Amino acid sequence: MTDLTAILLLVVLATAVATGARHWRIPAPSLLVVVGMLIGLLPWPPDIQVTPEAISVVVLPPLLYASAEEIPWRELRMVWRPVTVLALGLVLVSAAAVGAVASLVTPLDTTMAFVLGAVLASTDPVAVTALGRKIALPPRIQVLVQSESLFNDATSLVLFKVAVGTAMAARAVTLPAAGGQFVLLGGGGALVGGAVAGVVTLIRRRTEDPILETVIALVTPYAAYVLAEDLHTSGVTAVVVAGVVLGSTGHRLTNATIRLQVHAVYGTVVFLLESVVFAVIGLELPTLVRQLAADEGSWPLGVLAVAGTVIAVRLLGVLPLSAVMQRRRGNGTVTWRIPAVVSWAGTRGVMPLAAALSIPLVADDGSPLSHRPLVLVLTTGVVVFTLVLQGFTLAPVVRWSRIALEPEHTAREEARARAGLAQAGLDCLDELEAVEAAPTALLDQLRRGLLARLDQADADQADADQADDTAPSSWPSAAAYRELRRAVIAAESVKLQRLYADNHISDLTRRRLQRSLDLEEAGLHEE
């Protein structure tokens with residue numbers, strides 16, 4: 001079997017499994033890892049050898065960018081304090097705890113044990129976003145979990161580089177030096193990401209070519225990552241910052257047709273990359289196990305011990321922090337439901353794998369770096385363990401906590417927003433009628449359609465698209481109808497942004513209704 005054939009088969013397999021997971025409503029990352037691992041145990045599949053560049057340069061940037069674009073700036077400002085504490089303090093504690101446990105239960109020496117701790121210290125944004133996408137968490141909790149997983153990279157990356165440098169050169173690293181690295185990596189990456197977002201914004205404001213806009217959207221995360229890495233800062237932080245900035249402003253930079261096309265293309269890319277990378281994680285574990293030395297046969301015990309440490313430290317860190325924050329907000333009774341969900345959502349995934357693969361093969365003196373294959377096996381094993389255990393049980397934990405948004409809540413919010421949009425459209429028609437800017441027949445037809453939508457929204461009906469507001473073929477000028485409908489849609493879009501700015505709707509509802517308006521506007525094509 002050639003490499004090309006193996007890659008094509010992997011893509012087909014991953015796509016089929018991910019599609020099945022969506023149909024069966026099973027977490028796709030968890031199912032992909034299990035299927036990949038089972039296939040990897042068979043005798044006939046070729047050994048999977050993944051290079052660090054394949055993960056960190058090809059796969060990570062678009063997945064991180066897509067995750068960051070989903071974070072609304074409004075909710076991010078509300079949770080920045082707990083995100084900072086988790087992204088700094090919890091990462092440091094997790095790295096120390098994992099390093100200590102690994103040095104006790106595995107053959108790893110102290111330096112390589114802390115390399116493992118740095119690799120597994122932070123949650124993974126790709127896995128967290130993929131697992132949480134189908135769970136109706138309250139917006140603030142979803143943003144908290146997702147933001148933490150995105151912004152804790154700078155801390156874990158500094159720890160990783162410090163630990164690897166110590167393991168390679170057997171030299172001590174001072175606290176000021178580590179602090180300087182953190183500022184360079186995190187702060188420098190943020191500056192690069194902001195600069196890339198600024199340049200992309202200037203370019204997108206001056207183009208209305210759908211193909212060019214799609215190319216810009218695909219190239220942006222790679223440009224941010226490569227530029228930051230070339231400047232010796234954090235490429236991941238640069239991609240995250242660029243994604244957050246452009247995700248909050250992108251809807252104002254393009255028209256409906258471009259937004260729909262970019263969304264479709266990027267959704268396809270993210271689906272394929274997520275499907276393949278989680279299948280590769282499962283496929284690679286049996287291959288890595290076969291490369292272990294004879295004295296490393298106790299790796300299953302190490303995986304269980306390290307995975308248990310990772311989960312326990314997160315629970316013990318999140319629960320007290322949540323209690324303190326609830327007390328500060330004046331809550332009479334401290335609830336453990338929200339911190340339980342936040343703790344259980346902190347899975348490991350693609351990021352730790354990319355970091356582990358980038359560990360050098362030899363030390364500075366030319367000797368092989370001790371137990372590097374064992375670090376890879378333990379990392380991949382913990383990733384598989386958390387994806388399977390926490391991935392398959394996250395939805396039941398959310399149901400037990402009773403914090404998930406009920407479908408009725410989302411439907412009521414969307415219905416109220418649709419009513420507001422319909423009223424904004426009616427007000428626009430009244431203004432046009434007052435200045436006699438359009439024929440009365442056109443105004444009346446559109447007004448009837450909007451009134452029907454308003455009645456449906458008030459009744460909280462699911463399907464608000466049955467109203468007839470299309471242009472009859474007998475009208476002498478279909479172009480006049482299209483222009484009038486575009487004016488109404490523009491008024492509805494302004495009202496939608498105002499509802500979001502005034503905290504009347506969530507970001508999810510805003511995106512859903514904006515897409516409905518985009519589809520409607522894109523349908524007003526020239527005949």
# chains A, B, ... in the order shown; residues from 1 in each chain; ligands from 1
>>> closest_atom_pairs(of="range 43-154 of chain A", to="range 274-288 of chain A", cutoff="9 Å", atoms="only C-alpha atoms", output="Markdown table")
| residue | atom | partner | partner_atom | distance |
| --- | --- | --- | --- | --- |
| A:Pro46 | CA | A:Thr287 | CA | 8.9 |
| A:Asp47 | CA | A:Thr287 | CA | 5.7 |
| A:Ile48 | CA | A:Glu284 | CA | 5.5 |
| A:Gln49 | CA | A:Glu284 | CA | 7.2 |
| A:Val50 | CA | A:Glu284 | CA | 8.0 |
| A:Ile55 | CA | A:Val277 | CA | 8.1 |
| A:Val59 | CA | A:Val277 | CA | 7.7 |
| A:Leu63 | CA | A:Glu274 | CA | 7.5 |
| A:Val126 | CA | A:Glu274 | CA | 7.9 |
| A:Ala127 | CA | A:Glu274 | CA | 8.8 |
| A:Ala130 | CA | A:Glu274 | CA | 8.0 |
>>> residues_around(residues="range 296-302 of chain A", least_positions_apart="6", cutoff="9 Å", atoms="only C-alpha atoms", output="MDAnalysis selection string")
chainID A and resid 101:102 105:107 289 371 374 377:378 381
>>> residues_around(residues="range 239-253 of chain A", least_positions_apart="4", cutoff="8 Å", atoms="only C-alpha atoms", output="ChimeraX atom specification")
/A:61,64-73,150-151,190,193-194,196-197,201,204-205,221-222,224-225,235,259
>>> atom_distance(atom1="CA of Leu361 in chain A", atom2="CA of Arg348 in chain A")
23.5 Å
>>> atom_distance(atom1="CA of Val362 in chain A", atom2="CA of Val93 in chain A")
28.0 Å
>>> select_by_dssp(residues="range 95-195 of chain A", states="alpha helix (DSSP H)", output="PyMOL selection string")
chain A and resi 95-105+110-119+125-132+139-151+153-169+175-182+188-195
>>> atom_distance(atom1="CA of Val488 in chain A", atom2="CA of Leu429 in chain A")
7.2 Å
>>> closest_residue(among="A:Ser343, A:Leu394, A:Leu319, A:Ala457", to="Ala415 in chain A", atoms="only C-alpha atoms")
A:Ala457
>>> residues_around(residues="Gly187 in chain A", least_positions_apart="4", cutoff="9 Å", atoms="only C-alpha atoms", output="VMD selection string")
chain A and resid 154 182 to 183 191 to 192 233 to 234 237
>>> closest_residue(among="A:Gln261, A:Thr347, A:Thr309, A:Ser94", to="Asp209 in chain A", atoms="only C-alpha atoms")
A:Gln261
>>> residues_around(residues="range 310-312 of chain A", least_positions_apart="2", cutoff="12 Å", atoms="only C-alpha atoms", output="ChimeraX atom specification")
/A:90-102,116-123,303-308,314-319,340,342-348,379,382-383,385-387,389-390
>>> closest_residue(among="A:Ala437, A:Tyr500, A:Ala14, A:Arg511", to="Glu483 in chain A", atoms="only C-alpha atoms")
A:Ala437
>>> closest_residue(among="A:Val435, A:Leu513, A:Val34, A:Ala354", to="Leu157 in chain A", atoms="only C-alpha atoms")
A:Ala354
>>> closest_residue(among="A:Leu212, A:Leu42, A:Leu496, A:Leu321", to="Pro339 in chain A", atoms="only C-alpha atoms")
A:Leu321
>>> closest_residue(among="A:Leu104, A:Ile7, A:Ala363, A:Leu454", to="Gly165 in chain A", atoms="only C-alpha atoms")
A:Ala363
